[in-house]
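As provided, my_file27.pdb (PDB, N, CA and C atoms) reads as follows.
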ATOM      1  N   MET A   1      64.202 -33.641  53.584
ATOM      2  CA  MET A   1      62.823 -33.333  53.864
ATOM      3  C   MET A   1      62.727 -32.824  55.303
ATOM      4  N   ALA A   2      62.267 -31.631  55.477
ATOM      5  CA  ALA A   2      62.102 -31.066  56.808
ATOM      6  C   ALA A   2      60.631 -31.041  57.171
ATOM      7  N   THR A   3      60.323 -31.529  58.352
ATOM      8  CA  THR A   3      58.958 -31.530  58.832
ATOM      9  C   THR A   3      58.893 -30.666  60.076
ATOM     10  N   THR A   4      57.919 -29.783  60.129
ATOM     11  CA  THR A   4      57.718 -28.970  61.319
ATOM     12  C   THR A   4      56.574 -29.579  62.110
ATOM     13  N   TRP A   5      56.851 -29.973  63.331
ATOM     14  CA  TRP A   5      55.841 -30.588  64.178
ATOM     15  C   TRP A   5      55.023 -29.506  64.856
ATOM     16  N   ASP A   6      53.725 -29.721  64.958
ATOM     17  CA  ASP A   6      52.849 -28.831  65.705
ATOM     18  C   ASP A   6      53.016 -29.162  67.188
ATOM     19  N   PRO A   7      53.472 -28.230  68.021
ATOM     20  CA  PRO A   7      53.716 -28.530  69.435
ATOM     21  C   PRO A   7      52.466 -28.962  70.201
ATOM     22  N   ALA A   8      51.281 -28.693  69.669
ATOM     23  CA  ALA A   8      50.042 -29.091  70.346
ATOM     24  C   ALA A   8      49.666 -30.552  70.072
ATOM     25  N   THR A   9      50.359 -31.211  69.149
ATOM     26  CA  THR A   9      50.076 -32.598  68.796
ATOM     27  C   THR A   9      50.519 -33.523  69.929
ATOM     28  N   PRO A  10      49.686 -34.498  70.332
ATOM     29  CA  PRO A  10      50.102 -35.451  71.364
ATOM     30  C   PRO A  10      51.376 -36.198  70.945
ATOM     31  N   GLY A  11      52.287 -36.392  71.884
ATOM     32  CA  GLY A  11      53.524 -37.123  71.619
ATOM     33  C   GLY A  11      54.675 -36.244  71.182
ATOM     34  N   ILE A  12      54.457 -34.937  71.026
ATOM     35  CA  ILE A  12      55.522 -34.025  70.604
ATOM     36  C   ILE A  12      56.242 -33.503  71.836
ATOM     37  N   LEU A  13      57.558 -33.520  71.790
ATOM     38  CA  LEU A  13      58.393 -33.060  72.897
ATOM     39  C   LEU A  13      59.345 -31.992  72.380
ATOM     40  N   ALA A  14      59.427 -30.874  73.088
ATOM     41  CA  ALA A  14      60.373 -29.812  72.730
ATOM     42  C   ALA A  14      61.692 -30.075  73.447
ATOM     43  N   LEU A  15      62.774 -30.171  72.711
ATOM     44  CA  LEU A  15      64.100 -30.358  73.286
ATOM     45  C   LEU A  15      64.658 -28.999  73.705
ATOM     46  N   PRO A  16      65.653 -28.984  74.605
ATOM     47  CA  PRO A  16      66.242 -27.709  75.026
ATOM     48  C   PRO A  16      66.790 -26.873  73.865
ATOM     49  N   SER A  17      67.165 -27.511  72.774
ATOM     50  CA  SER A  17      67.691 -26.791  71.614
ATOM     51  C   SER A  17      66.584 -26.057  70.850
ATOM     52  N   GLY A  18      65.310 -26.368  71.179
ATOM     53  CA  GLY A  18      64.195 -25.771  70.462
ATOM     54  C   GLY A  18      63.629 -26.670  69.382
ATOM     55  N   ARG A  19      64.296 -27.781  69.112
ATOM     56  CA  ARG A  19      63.780 -28.739  68.130
ATOM     57  C   ARG A  19      62.685 -29.569  68.758
ATOM     58  N   TYR A  20      61.802 -30.079  67.893
ATOM     59  CA  TYR A  20      60.705 -30.933  68.343
ATOM     60  C   TYR A  20      60.946 -32.350  67.862
ATOM     61  N   VAL A  21      60.589 -33.321  68.701
ATOM     62  CA  VAL A  21      60.638 -34.727  68.326
ATOM     63  C   VAL A  21      59.288 -35.354  68.669
ATOM     64  N   ARG A  22      58.968 -36.424  67.970
ATOM     65  CA  ARG A  22      57.723 -37.136  68.236
ATOM     66  C   ARG A  22      58.065 -38.467  68.855
ATOM     67  N   GLY A  23      57.423 -38.804  69.960
ATOM     68  CA  GLY A  23      57.690 -40.064  70.637
ATOM     69  C   GLY A  23      56.425 -40.893  70.788
ATOM     70  N   ARG A  24      56.623 -42.186  70.988
ATOM     71  CA  ARG A  24      55.514 -43.104  71.250
ATOM     72  C   ARG A  24      56.093 -44.372  71.845
ATOM     73  N   GLY A  25      55.271 -45.148  72.499
ATOM     74  CA  GLY A  25      55.673 -46.452  72.996
ATOM     75  C   GLY A  25      55.831 -47.424  71.833
ATOM     76  N   VAL A  26      56.763 -48.344  71.943
ATOM     77  CA  VAL A  26      57.028 -49.297  70.854
ATOM     78  C   VAL A  26      55.796 -50.140  70.548
ATOM     79  N   ARG A  27      55.020 -50.461  71.552
ATOM     80  CA  ARG A  27      53.842 -51.310  71.341
ATOM     81  C   ARG A  27      52.625 -50.525  70.883
ATOM     82  N   ARG A  28      52.743 -49.225  70.785
ATOM     83  CA  ARG A  28      51.639 -48.384  70.329
ATOM     84  C   ARG A  28      51.646 -48.290  68.812
ATOM     85  N   PRO A  29      50.480 -48.120  68.182
ATOM     86  CA  PRO A  29      50.457 -47.961  66.719
ATOM     87  C   PRO A  29      51.045 -46.614  66.315
ATOM     88  N   LEU A  30      51.475 -46.534  65.067
ATOM     89  CA  LEU A  30      51.995 -45.265  64.560
ATOM     90  C   LEU A  30      50.893 -44.216  64.560
ATOM     91  N   PRO A  31      51.192 -43.016  65.046
ATOM     92  CA  PRO A  31      50.197 -41.956  64.990
ATOM     93  C   PRO A  31      50.085 -41.411  63.572
ATOM     94  N   PRO A  32      49.025 -40.655  63.284
ATOM     95  CA  PRO A  32      48.910 -40.063  61.954
ATOM     96  C   PRO A  32      50.049 -39.085  61.698
ATOM     97  N   GLY A  33      50.394 -38.909  60.464
ATOM     98  CA  GLY A  33      51.462 -37.979  60.102
ATOM     99  C   GLY A  33      52.564 -38.680  59.355
ATOM    100  N   PRO A  34      53.643 -37.968  59.103
ATOM    101  CA  PRO A  34      54.752 -38.554  58.354
ATOM    102  C   PRO A  34      55.377 -39.730  59.095
ATOM    103  N   ARG A  35      55.833 -40.708  58.327
ATOM    104  CA  ARG A  35      56.522 -41.852  58.927
ATOM    105  C   ARG A  35      57.906 -41.418  59.375
ATOM    106  N   PRO A  36      58.373 -41.929  60.521
ATOM    107  CA  PRO A  36      59.704 -41.530  60.993
ATOM    108  C   PRO A  36      60.812 -42.032  60.078
ATOM    109  N   GLY A  37      61.832 -41.220  59.943
ATOM    110  CA  GLY A  37      62.993 -41.600  59.164
ATOM    111  C   GLY A  37      64.103 -42.179  60.038
ATOM    112  N   LEU A  38      63.926 -42.103  61.354
ATOM    113  CA  LEU A  38      64.939 -42.553  62.299
ATOM    114  C   LEU A  38      64.238 -43.022  63.554
ATOM    115  N   GLY A  39      64.730 -44.069  64.166
ATOM    116  CA  GLY A  39      64.164 -44.559  65.421
ATOM    117  C   GLY A  39      65.227 -44.639  66.496
ATOM    118  N   VAL A  40      64.896 -44.227  67.689
ATOM    119  CA  VAL A  40      65.780 -44.355  68.851
ATOM    120  C   VAL A  40      65.005 -45.147  69.886
ATOM    121  N   TYR A  41      65.569 -46.244  70.340
ATOM    122  CA  TYR A  41      64.888 -47.126  71.258
ATOM    123  C   TYR A  41      65.586 -47.086  72.610
ATOM    124  N   LEU A  42      64.841 -46.759  73.647
ATOM    125  CA  LEU A  42      65.378 -46.728  75.014
ATOM    126  C   LEU A  42      64.973 -48.016  75.701
ATOM    127  N   THR A  43      65.923 -48.715  76.292
ATOM    128  CA  THR A  43      65.626 -49.963  76.989
ATOM    129  C   THR A  43      65.944 -49.799  78.467
ATOM    130  N   GLY A  44      65.298 -50.616  79.259
ATOM    131  CA  GLY A  44      65.441 -50.527  80.719
ATOM    132  C   GLY A  44      66.696 -51.119  81.251
TER     133      GLY A  44
END

Can I see the file as structure tokens?
Amino acid sequence: MATTWDPATPGILALPSGRYVRGRGVRRPLPPGPRPGLGVYLTG
């Protein structure tokens, strides 16, 4: 399943490769849209 993210959507980040990813804080609720199929968690 391929999803194309709208770059104007809050939380969307364009990677140098041209791909888009959606990010959010772990304590934030899920934004509207498709549920993520993969999670990457950055810790301090």

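Here atom CA of Arg24 of chain A is placed at a distance of 6.9 Å from atom C of Gly11 of chain A.
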
Selection near Val21 of chain A, 7 Å with all atoms listed in the file, sequence-local residues under 4 positions removed, as a PyMOL selection string = chain A and resi 11-15

For atom C of Tyr20 of chain A and atom C of Pro7 of chain A, quote the distance in Å rounded to one decimal.
-> 9.4 Å

note - atom CA of Val40 of chain A and atom CA of Pro16 of chain A are separated by 17.8 Å

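Of the residues in chain A, those that DSSP places in strand (DSSP E) on the basis of the backbone are Ile12, Leu13, Ala14, Tyr20, Val21 and Arg22 of chain A.
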
Emit the selected residues as a PDB file, in the frame of the given file, including N, CA and C atoms.
ATOM      1  N   ILE A  12      54.457 -34.937  71.026  1.00  0.00           N
ATOM      2  CA  ILE A  12      55.522 -34.025  70.604  1.00  0.00           C
ATOM      3  C   ILE A  12      56.242 -33.503  71.836  1.00  0.00           C
ATOM      4  N   LEU A  13      57.558 -33.520  71.790  1.00  0.00           N
ATOM      5  CA  LEU A  13      58.393 -33.060  72.897  1.00  0.00           C
ATOM      6  C   LEU A  13      59.345 -31.992  72.380  1.00  0.00           C
ATOM      7  N   ALA A  14      59.427 -30.874  73.088  1.00  0.00           N
ATOM      8  CA  ALA A  14      60.373 -29.812  72.730  1.00  0.00           C
ATOM      9  C   ALA A  14      61.692 -30.075  73.447  1.00  0.00           C
ATOM     10  N   TYR A  20      61.802 -30.079  67.893  1.00  0.00           N
ATOM     11  CA  TYR A  20      60.705 -30.933  68.343  1.00  0.00           C
ATOM     12  C   TYR A  20      60.946 -32.350  67.862  1.00  0.00           C
ATOM     13  N   VAL A  21      60.589 -33.321  68.701  1.00  0.00           N
ATOM     14  CA  VAL A  21      60.638 -34.727  68.326  1.00  0.00           C
ATOM     15  C   VAL A  21      59.288 -35.354  68.669  1.00  0.00           C
ATOM     16  N   ARG A  22      58.968 -36.424  67.970  1.00  0.00           N
ATOM     17  CA  ARG A  22      57.723 -37.136  68.236  1.00  0.00           C
ATOM     18  C   ARG A  22      58.065 -38.467  68.855  1.00  0.00           C
TER      19      ARG A  22
END

Edge lengths and centre in Å, axis-aligned, segment 21-33 of chain A plus 6 Å each side, as AutoDock Vina command-line options:
--center_x 54.8 --center_y -42.3 --center_z 66.2 --size_x 23.7 --size_y 30.0 --size_z 25.6

Could you spell out the hits of the PyMOL selection byres (((chain A and resi 29-39 and name CA) around 12) and name CA) on the shown file, as an MDAnalysis selection string?
-> chainID A and resid 1:6 9:12 21:28 40:42
